[in-house]
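One structure below.
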There are 6 protein chains.
Amino acid sequence: MHYTLPPLPRVLVEPLLRAAFLEDLGRAGDVTTDAVVPADARFSAVIGSRQRGVIAGMDVAVLAFNIFDPTLEVIVERVDGTAVMPGDVVLRLEGSARSILTAERVALNLACRLSGIATATAALVAAAKPFGPAHIVCTRKTTPGLRALEKHAVRAGGGSNHRFGLDDAVLIKDNHIAVAGGVGIAIQRAKAHAGHMVKIEVEVDTLEQLEEAMSFGVDAVLLDNMDPATLARAVAMVGGRALTEASGRVSLETVGPIAASGVDLISVGWITHSAPILDLGLDAVTEI
Amino acid sequence: MHYTLPPLPRVLVEPLLRAAFLEDLGRAGDVTTDAVVPADARFSAVIGSRQRGVIAGMDVAVLAFNIFDPTLEVIVERVDGTAVMPGDVVLRLEGSARSILTAERVALNLACRLSGIATATAALVAAAKPFGPAHIVCTRKTTPGLRALEKHAVRAGGGSNHRFGLDDAVLIKDNHIAVAGGVGIAIQRAKAHAGHMVKIEVEVDTLEQLEEAMSFGVDAVLLDNMDPATLARAVAMVGGRALTEASGRVSLETVGPIAASGVDLISVGWITHSAPILDLGLDAVTEI
Amino acid sequence: MHYTLPPLPRVLVEPLLRAAFLEDLGRAGDVTTDAVVPADARFSAVIGSRQRGVIAGMDVAVLAFNIFDPTLEVIVERVDGTAVMPGDVVLRLEGSARSILTAERVALNLACRLSGIATATAALVAAAKPFGPAHIVCTRKTTPGLRALEKHAVRAGGGSNHRFGLDDAVLIKDNHIAVAGGVGIAIQRAKAHAGHMVKIEVEVDTLEQLEEAMSFGVDAVLLDNMDPATLARAVAMVGGRALTEASGRVSLETVGPIAASGVDLISVGWITHSAPILDLGLDAVTEI
Amino acid sequence: MHYTLPPLPRVLVEPLLRAAFLEDLGRAGDVTTDAVVPADARFSAVIGSRQRGVIAGMDVAVLAFNIFDPTLEVIVERVDGTAVMPGDVVLRLEGSARSILTAERVALNLACRLSGIATATAALVAAAKPFGPAHIVCTRKTTPGLRALEKHAVRAGGGSNHRFGLDDAVLIKDNHIAVAGGVGIAIQRAKAHAGHMVKIEVEVDTLEQLEEAMSFGVDAVLLDNMDPATLARAVAMVGGRALTEASGRVSLETVGPIAASGVDLISVGWITHSAPILDLGLDAVTEI
Amino acid sequence: MHYTLPPLPRVLVEPLLRAAFLEDLGRAGDVTTDAVVPADARFSAVIGSRQRGVIAGMDVAVLAFNIFDPTLEVIVERVDGTAVMPGDVVLRLEGSARSILTAERVALNLACRLSGIATATAALVAAAKPFGPAHIVCTRKTTPGLRALEKHAVRAGGGSNHRFGLDDAVLIKDNHIAVAGGVGIAIQRAKAHAGHMVKIEVEVDTLEQLEEAMSFGVDAVLLDNMDPATLARAVAMVGGRALTEASGRVSLETVGPIAASGVDLISVGWITHSAPILDLGLDAVTEI
Amino acid sequence: MHYTLPPLPRVLVEPLLRAAFLEDLGRAGDVTTDAVVPADARFSAVIGSRQRGVIAGMDVAVLAFNIFDPTLEVIVERVDGTAVMPGDVVLRLEGSARSILTAERVALNLACRLSGIATATAALVAAAKPFGPAHIVCTRKTTPGLRALEKHAVRAGGGSNHRFGLDDAVLIKDNHIAVAGGVGIAIQRAKAHAGHMVKIEVEVDTLEQLEEAMSFGVDAVLLDNMDPATLARAVAMVGGRALTEASGRVSLETVGPIAASGVDLISVGWITHSAPILDLGLDAVTEI
């Protein structure tokens with residue numbers, strides 16, 4: 001099997017797209033296109049990249065155009081996860097000029113954002129790879145309403161996903177530990193009450209905390225804001241008994257040394273919350 | 001009257017927040033906090049800025065915490081539009097530890113993003129101000145589902161809003177002109193069919209197109225990708241008969257010269273689609 | 001280009017139709033049709049007008065039948081905006097008898113109401129036309145939930161649309177002026193805070209207020225409850241510097257004299273809030 | 001017990017009101033009020049009737065203002081079902097000027113429409129009363145989305161409600177009979193398949209059909225478009241074995257003679273689909 | 001006409017199915033199938049019964065698979081209401097392996113539950129039939145969100161439906177009588193205020209209450225928790241003037257004697273609230 | 001910390017309750033209570049258990065009453081997870097008689113169902129306990145729309161939760177293995193593509209499959225339909241390297257021997273899909 005990134009199920013994406021169209025169309029629809037473009041005008045267009053990057057959101061864009069007008073022909077030229085160069089065509093469109101021009105922005109807003117996330121992720125993955133086997137993973141610092149899409153874009157960029165929400169894994173953070181009264185008691189409570197299919201991770205700031213955490217047993221440790229040397233010592237202390245995850249101050253410059261520490265995972269918030277978009281644009285091919 | 005930026009109506013923001021909580025809580029809720037934090041633990045916390053910037057989204061954050069748990073006390077220390085320095089406290093929280101820790105991420109994801117937009121806008125506004133009276137305005141390149149909030153954040157940063165959607169103003173773009181068969185015919189059709197309270201703007205790429213547009217009469221012209229010298233000639237040609245809007249390749253470096261051309265408006269997509277977040281974080285004050 | 005009134009986008013109308021079907025079908029569906037009509041019975045029907053009027057809502061009716069049963073064949077005989085006489089067929093239907101009889105009421109309730117609005121608008125337009133160039137425009141006094149459809153129906157009747165909501169234009173009314181402390185201060189605040197693509201209109205009750213308004217500059221003035229002579233003086237005072245809109249006590253009898261005053265716009269609430277329906281009915285052609 | 005018309009449950013009305021606010025506020029909210037009215041301005045207002053009529057929708061209006069701003073004080077002066085004269089105050093409001101002015105239109109659009117329905121119903125009830133004991137009942141020809149509210153308004157006007165949807169009673173109409181192949185077979189099928197708590201009514205156009213219907217037994221007969229004399233014969237034929245309902249061409253002039261025929265019910269579509277609104281308006285009392 | 005149980009309208013069922021998929025797919029979709037099953041793998045499967053029973057929910061299952069993936073071929077082998085034996089195939093599926101395996105659980109959860117209800121109902125119907133003509137009817141004790149489907153399943157099992165909600169019939173229960181102050185006053189109030197198409201039923205615990213109820217006149221009496229002998233006396237007292245409904249302690253053992261009392265209806269809560277599912281399973285036919 | 005089962009977040013439960021009320025109230029609300037019960041009547045009631053069992057859904061019931069009428073006083077007497085005897089009062093209610101009688105059924109339908117699940121779970125837990133340390137866990141065979149509530153009820157009964165949906169853990173079943181072409185290849189693909197916080201479980205039918213699964217390494221094995229002796233051999237083969245889960249033919253009789261095999265988990269579908277309700281009823285205390 002040649003593995004291709006599976007698209008998100010249509011039933012999951014469709015509500016987001018319908019809401020996005022309602023937001024953009026308002027109450028009166030596209031007053032410009034309705035006034036200026038004849039009802040029977042047809043249009044042939046391409047969506048191309050204006051930048052180097054990695055594409056994501058193609059299935060979402062296709063669904064957007066098809067929800068708006070099921071008669072549009074939309075062909076994907078670059079599937080999610082593909083690297084593109086400026087000028088590369090990623091999608092071809094043909095059909096009603098009104099439909100294409102009205103639906104364009106909703107499709108592009110999502111595709112540009114998701115491709116931006118994929119591109120940022122891919123850059124980090126590439127920067128880390130020569131130094132160690134660490135996976136680049138995203139966080140819950142995603143755009144409200146778009147988490148599933150943004151996590152998909154991270155996968156398109158070669159990254160992996162951390163938990164999707166508060167309910168699918170235990171992640172004990174500093175404030176939890178403070179309220180609980182210590183790392184050990186927090187882990188014990190989590191083990192007593194979390195489901196058996198739920199992994200438990202604990203955030204530690206120091207090697208002392210790490211030692212305490214390991215003595216109670218966890219599935220993963222989040223090593224927060226440690227420098228590469230400390231990370232390496234932490235990895236050695238853990239000795240394969242748990243997944244090790246580094247977080248904090250991860251950039252294209254620092255990700256190499258962090259990866260070199262031998263951690264299993266490097267989590268990065270900014271690939272979802274602060275990645276600039278990848279500039280994709282729609283251009284007319286010719287009017288038909 | 002001392003004008004303060006009005007918050008968005010509660011009925012408009014509440015659905016977004018409820019959807020955001022469902023997304024983050026999933027089916028089982030916060031399994032970590034439920035397991036680790038005692039039901040009766042109380043918590044006192046502040047949300048502070050870790051960076052210099054301009055704050056937005058405070059009313060949204062308050063509403064988030066209050067929707068999740070109406071018994072939380074939440075006090076705004078810095079209203080939307082306020083400049084902050086690292087360490088400044090922007091919000092104070094007191095109440096159930098479980099509620100605060102569970103609701104934290106939804107509130108922060110929105111507040112960080114909106115503050116990032118306000119900060120980017122404010123930077124552009126400041127960079128343009130010495131050179132000319134141009135307003136910095138945003139576009140429709142916003143995050144699907146969050147347009148109202150992101151446009152509000154632009155206002156918090158000192159910018160202004162362009163149209164909110166396809167229905168509240170006519171903006172004739174290059175593809176419309178291509179399909180219609182010319183600038184003049186497009187403008188005529190728009191005038192014939194758009195409502196009387198709807199302004200009409202046309203995008204022009206050249207001074208020839210501008211001349212044609214002005215001969216038909218429009219409320220505003222979008223001068224796309226023109227260099228400052230050409231912009232200045234365009235502004236002179238228009239001579240106050242329409243609003244002049246510059247767009248394309250606007251950065252902190254270029255915005256000054258663009259503003260110096262005398263345009264009324266400078267529209268920028270990246271303040272909404274690519275601004276990095278402003279890093280806000282929640283810290284425990286003391287457990288009570 | 002021969003301009004035809006564009007239909008509202010499907011994504012915008014579909015939620016209303018689905019809600020209308022849930023309302024009419026309740027929990028058990030059409031218990032009469034399910035009991036009485038055989039599952040395989042086919043039906044051929046027409047929707048015809050029982051009155052003279054102007055048709056609107058045909059696209060909405062087609063979508064209603066198609067959402068309920070995509071296998072129904074539905075053909076529009078009279079597009080929105082067409083004048084009809086009693087007996088004119090406006091829509092033809094063929095397919096499952098159960099589907100047609102069950103979906104009939106939702107489709108008719110909307111088509112009758114929208115055609116009633118179009119008919120009332122067309123009557124006013126015809127009555128005003130000989131006297132002056134004024135456009136007949138609607139207000140925000142629409143049925144909650146149906147504003148987009150009702151504003152579309154006004155266009156079908158030859159009228160134009162005023163603003164669609166509180167967010168797409170500034171309209172300073174008497175109570176705003178009272179709270180603000182005067183016409184001038186209200187206009188100044190509106191200019192300072194409204195977006196550049198948003199037009200500003202102010203309601204004035206007297207020529208003194210009009211003079212004050214014009215001295216501050218606005219895009220439009222709403223001349224409320226003035227008699228035709230006063231309206232004519234107001235139009236002269238404005239002298240083309242702003243759009244002039246008359247409102248108040250507009251009927252088929254008064255609209256002519258009002259139009260003769262030379263105002264640009266005559267706004268009328270009752271075409272949306274009090275127009276009687278146009279009586280459309282579904283009749284069997286023959287059972288097949 | 002002095003019977004007062006019960007308000008509709010809050011959980012049933014609230015979704016309609018939230019949707020109505022989203023429709024009116026759009027994406028940016030009330031740009032006029034936000035710009036012109038100071039945040040701390042308070043306002044005292046009354047909603048009064050400008051016409052003679054019967055009030056309905058007061059509970060709905062109160063809920064509208066309270067959903068928009070729970071701090072508003074809203075007092076009902078005239079409960080649903082009360083007759084009012086021009087100048088009568090029906091509701092008093094006090095609180096934030098911004099909230100009152102922004103929420104006004106949603107509340108009034110519903111209250112005016114519902115009061116219009118109550119008023120039209122009350123007029124018919126009054127016109128029929130001297131002639132016979134018939135109840136005035138409404139139909140399914142209601143505004144999509146507002147059926148529950150409009151049926152409530154009919155009750156406020158002294159009328160009664162027919163079925164609420166396709167699922168809560170059997171009403172065999174002409175097209176059902178045509179497809180089924182006769183009145184008798186249709187009634188038999190309905191009896192075989194409808195639930196025991198569901199009443200069965202059949203529409204008949206002639207006394208022959210009526211005779212056939214009565215021979216099979218039904219709970220009610222809809223006597224469609226019969227003149228008063230024929231209605232009286234029909235009532236006599238039925239002889240109390242079923243409810244008799246007259247429909248078709250019911251007006252203030254005809255309702256008396258129709259009632260005099262002795263029918264139990266007179267159903268009228270236009271009280272819900274074509275009643276003009278009752279003109280209610282909001283007036284400032286004084287600024288505080 | 002050979003009567004087949006009509007399926008519920010698609011517009012009524014679709015929202016439930018979409019919600020069910022969102023619940024099961026969460027934010028990331030089917031991580032197992034996406035990882036393990038190749039995108040182009042096709043699958044041929046049958047859904048078969050592992051138990052003896054009566055089938056319901058086949059149309060719902062078909063719609064579930066088609067909403068998830070419109071390219072799936074789904075063929076119903078046993079329509080709702082059919083008796084099945086272990087091993088009987090009820091549905092055939094062919095198409096994308098991923099789609100079938102991902103959508104399977106939503107479809108089965110509903111089909112198993114509805115078939116369980118149909119099976120329980122059919123057992124009661126069969127047990128009652130030899131003893132009397134009573135219909136087995138369900139109550140409002142249904143699963144929140146699924147009432148329409150569960151009432152349909154009761155019909156599939158040969159039962160009938162009582163009212164669908166609080167709004168489509170009057171059922172005066174013990175607590176109503178207690179608050180109202182007596183059976184008679186309660187009935188009088190119901191007659192005064194309920195619509196003419198709404199039947200009125202009153203719950204009575206004793207023959208004295210029954211006598212009082214009959215003296216005021218009702219459409220149906222609910223004879224609660226009476227033994228068969230008392231029921232028989234009650235039926236005799238009513239003498240055909242109202243429907244008689246027995247409820248309370250109805251089981252496969254008691255239903256015969258209860259039916260023998262001559263009551264018209266026997267209502268049973270447990271066929272909807274406590275019926276075990278009918279075990280249906282999906283099996284691969286062969287991979288293609 | 002004395003651990004109490006945390007209630008589900010209000011934002012998660014509220015939409016279900018609102019939908020349940022709309023389903024029960026229909027369009028007209030509670031026509032019985034509105035007609036029969038005076039508006040100002042007050043009511044004092046208790047909800048008590050008529051059976052022995054374990055309570056769940058108390059927080060849900062409280063929220064139901066409070067959503068319907070925030071002025072009701074509702075006091076929980078038995079928190080979720082408490083064992084009750086017939087006659088035990090679980091909830092006390094005081095306030096408007098209309099509100100209590102109208103909201104009763106929605107609250108009871110949920111509380112009875114959830115308590116039924118808790119009771120069934122508790123019985124299995126008690127039956128298994130003397131024989132081994134196995135946890136009783138539920139499956140995805142839950143009622144569509146109610147999964148979060150039903151999984152909560154399982155915890156209330158002393159059970160644990162398996163995965164909540166298709167997205168929060170990998171569970172490779174027989175059909176996945178068939179399509180993938182073997183246990184090993186399926187596990188490898190899952191490891192390659194699933195997130196690091198997602199546990200991987202594989203279903204095996206034979207000890208040969210188990211051996212293959214263990215050689216590839218998984219977090220858990222689902223031992224399907226094995227007899228206790230085979231289960232014991234499987235547990236020995238696994239030797240603590242993975243969680244062992246037994247499923248298939250689990251009843252109160254078989255759960256002991258299955259637990260005695262030493263498995264970690266015993267999963268049971270029927271506690272959610274076929275558990276009879278726990279009979280809870282509302283009784284008047286006294287009218288006030």
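Naming works like this for the structure tokens: A, B, ... for the chains as they're shown, residue 1 at the start of each chain, ligands 1 onward in shown order.
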Can you tell me which residues surround Ile185 in chain E at a distance of at most 10 Å, considering only C-alpha atoms, apart from same-chain residues fewer than 5 positions away, and format the answer as a list in words? Ile177, Ala180, Ala190, Lys191, Ala213 and Phe216 of chain E; Val36 of chain F
Show which residues sit within 10 Å of Asp205 in chain C, as an MDAnalysis selection string. Count only C-alpha atoms, and ignore same-chain residues fewer than 6 positions away. chainID C and resid 173:174 222:226
Using only C-alpha atoms, I'd like every residue of chain B that has an atom within 9 Å of chain F; please write them out as a compact mmCIF listing (two decimals) with C-alpha atoms, in the first residue's frame.
# COMPACT_ATOMS: atom_id res chain seq x y z
CA ARG B 18 -20.13 27.24 22.51
CA PHE B 21 -15.94 24.45 23.83
CA LEU B 22 -17.60 21.48 22.15
CA LEU B 25 -14.15 19.20 25.35
CA GLY B 26 -15.06 16.49 22.86
CA ARG B 27 -17.33 13.84 24.33
CA ALA B 28 -15.72 13.24 27.70
CA GLY B 29 -14.68 16.71 28.84
CA ASP B 30 -11.37 17.54 30.49
CA ASP B 34 -11.49 15.97 36.32
CA ALA B 35 -9.07 13.30 37.52
CA VAL B 37 -8.09 18.57 40.51
CA PRO B 38 -10.49 18.23 43.48
CA ALA B 39 -14.05 19.38 42.82
CA ILE B 67 -20.43 30.61 29.58
CA PHE B 68 -18.41 27.72 30.90
CA ASP B 69 -19.08 28.57 34.52
Might you pull out every residue within 9 Å of Gly256 in chain C, with only C-alpha atoms counted and same-chain residues fewer than 5 positions away left off, and present them as a compact mmCIF listing (two decimals) with N, CA, C and O atoms, in the first residue's frame?
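After the write, out11.txt holds the following:
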# COMPACT_ATOMS: atom_id res chain seq x y z
N LEU C 124 -46.79 49.74 -6.16
CA LEU C 124 -46.26 51.04 -5.74
C LEU C 124 -45.34 51.62 -6.81
O LEU C 124 -45.35 52.83 -7.09
N ALA C 127 -47.38 53.01 -9.52
CA ALA C 127 -48.10 54.22 -9.12
C ALA C 127 -47.18 55.43 -9.03
O ALA C 127 -47.60 56.57 -9.23
N ALA C 128 -45.92 55.18 -8.72
CA ALA C 128 -44.97 56.29 -8.55
C ALA C 128 -44.37 56.73 -9.88
O ALA C 128 -44.06 57.91 -10.07
N LYS C 129 -44.19 55.81 -10.76
CA LYS C 129 -43.42 56.04 -11.99
C LYS C 129 -43.85 57.27 -12.79
O LYS C 129 -42.98 58.03 -13.24
N PRO C 130 -45.14 57.49 -13.01
CA PRO C 130 -45.51 58.64 -13.85
C PRO C 130 -45.13 59.99 -13.23
O PRO C 130 -45.11 61.00 -13.93
N PHE C 131 -44.85 59.98 -11.94
CA PHE C 131 -44.67 61.25 -11.24
C PHE C 131 -43.22 61.63 -11.01
O PHE C 131 -42.92 62.80 -10.78
N GLY C 132 -42.35 60.64 -10.99
CA GLY C 132 -40.96 60.99 -10.70
C GLY C 132 -40.09 59.76 -10.74
O GLY C 132 -40.58 58.63 -10.86
N SER C 251 -48.76 55.33 0.50
CA SER C 251 -49.78 54.40 0.02
C SER C 251 -49.87 54.51 -1.49
O SER C 251 -49.19 55.35 -2.10
N SER C 261 -42.30 65.04 -5.76
CA SER C 261 -41.44 65.99 -5.04
C SER C 261 -39.99 65.90 -5.48
O SER C 261 -39.19 66.76 -5.14
Interatomic distance (Å, one decimal) between CA of Thr82 in chain E and CA of Ile55 in chain E: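 Straight-line distance from CA of Thr82 in chain E to CA of Ile55 in chain E works out to 5.5 Å.
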Test item: residues at most 9 Å from Leu110 in chain E, only C-alpha atoms, excluding those fewer than 3 positions along its chain, as a list in words: Gly57, Val60, Ala61, Arg105, Val106, Ala107, Arg113, Leu114, Ser115 and Leu149 of chain E; Thr143 and Pro144 of chain F
Apply DSSP to the structure's backbone, then extract all residues of range 38-185 of chain F labelled helix (DSSP H, G or I) and return them as JSON, numbers by chain. {"F": [58, 59, 60, 61, 62, 63, 64, 65, 66, 67, 68, 97, 98, 99, 100, 101, 102, 103, 104, 105, 106, 107, 108, 109, 110, 111, 112, 113, 114, 115, 116, 117, 118, 119, 120, 121, 122, 123, 124, 125, 126, 127, 128, 147, 148, 149, 150, 151, 152, 153, 154, 155, 156, 174, 175, 176, 177, 178, 179, 180, 183, 184, 185]}
Which one of C:Leu252, C:Ala236, C:Leu210, C:Ala134 sits closest to His196 in chain B if you count only C-alpha atoms?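 The shortest atom-to-atom distance to His196 in chain B comes from C:Ala134.
The shell of residues at most 9 Å from Asp283 in chain B, with only C-alpha atoms counted and near chain neighbours (fewer than 4 positions) removed, consists of Asn175 of chain A; Ser44, Ala45, Val46, Ile47 and Gly48 of chain B.
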Strand (DSSP E or B) call set, DSSP backbone run, range 24-224 of chain F, as a ChimeraX atom specification: /F:42-49,53-54,73-76,83-84,89-96,135-137,160,170-172,198,200-204,220-224
Take CA of Gln51 in chain D and CA of His273 in chain C and report the distance between them in Å, one decimal.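 One can read the CA of Gln51 in chain D to CA of His273 in chain C distance as 15.4 Å.
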If you count only C-alpha atoms, which residues fall within 10 Å of Val84 in chain D, apart from same-chain ones fewer than 4 positions away, as a VMD selection string? chain D and resid 48 to 55 78 88 to 90 119
Can those selected residues be exported to a file as a short mmCIF file (atom, residue, chain, number, x, y, z; two decimals), in the first residue's frame so that it contains C-alpha atoms?
data_model
loop_
_atom_site.label_atom_id
_atom_site.label_comp_id
_atom_site.auth_asym_id
_atom_site.auth_seq_id
_atom_site.Cartn_x
_atom_site.Cartn_y
_atom_site.Cartn_z
CA GLY D 48 -47.11 51.96 22.56
CA SER D 49 -49.79 51.14 20.10
CA ARG D 50 -50.49 53.57 17.29
CA GLN D 51 -53.66 51.73 16.33
CA ARG D 52 -56.69 50.08 17.80
CA GLY D 53 -56.25 46.34 18.05
CA VAL D 54 -55.44 43.32 20.16
CA ILE D 55 -52.00 42.72 21.58
CA ARG D 78 -50.80 44.80 28.41
CA ASP D 88 -51.90 52.76 24.98
CA VAL D 89 -48.56 51.75 26.42
CA VAL D 90 -47.99 48.01 26.18
CA THR D 119 -56.28 41.91 15.79
#
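Rounded to one decimal, CA of Gln209 in chain E and CA of Arg189 in chain E lie 16.6 Å from each other.
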Closest to Cys138 in chain B among C:Ile266, C:Gly195, C:Ser96, C:Gly240, using only C-alpha atoms?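 Among the listed residues, C:Gly195 lies closest to Cys138 in chain B.
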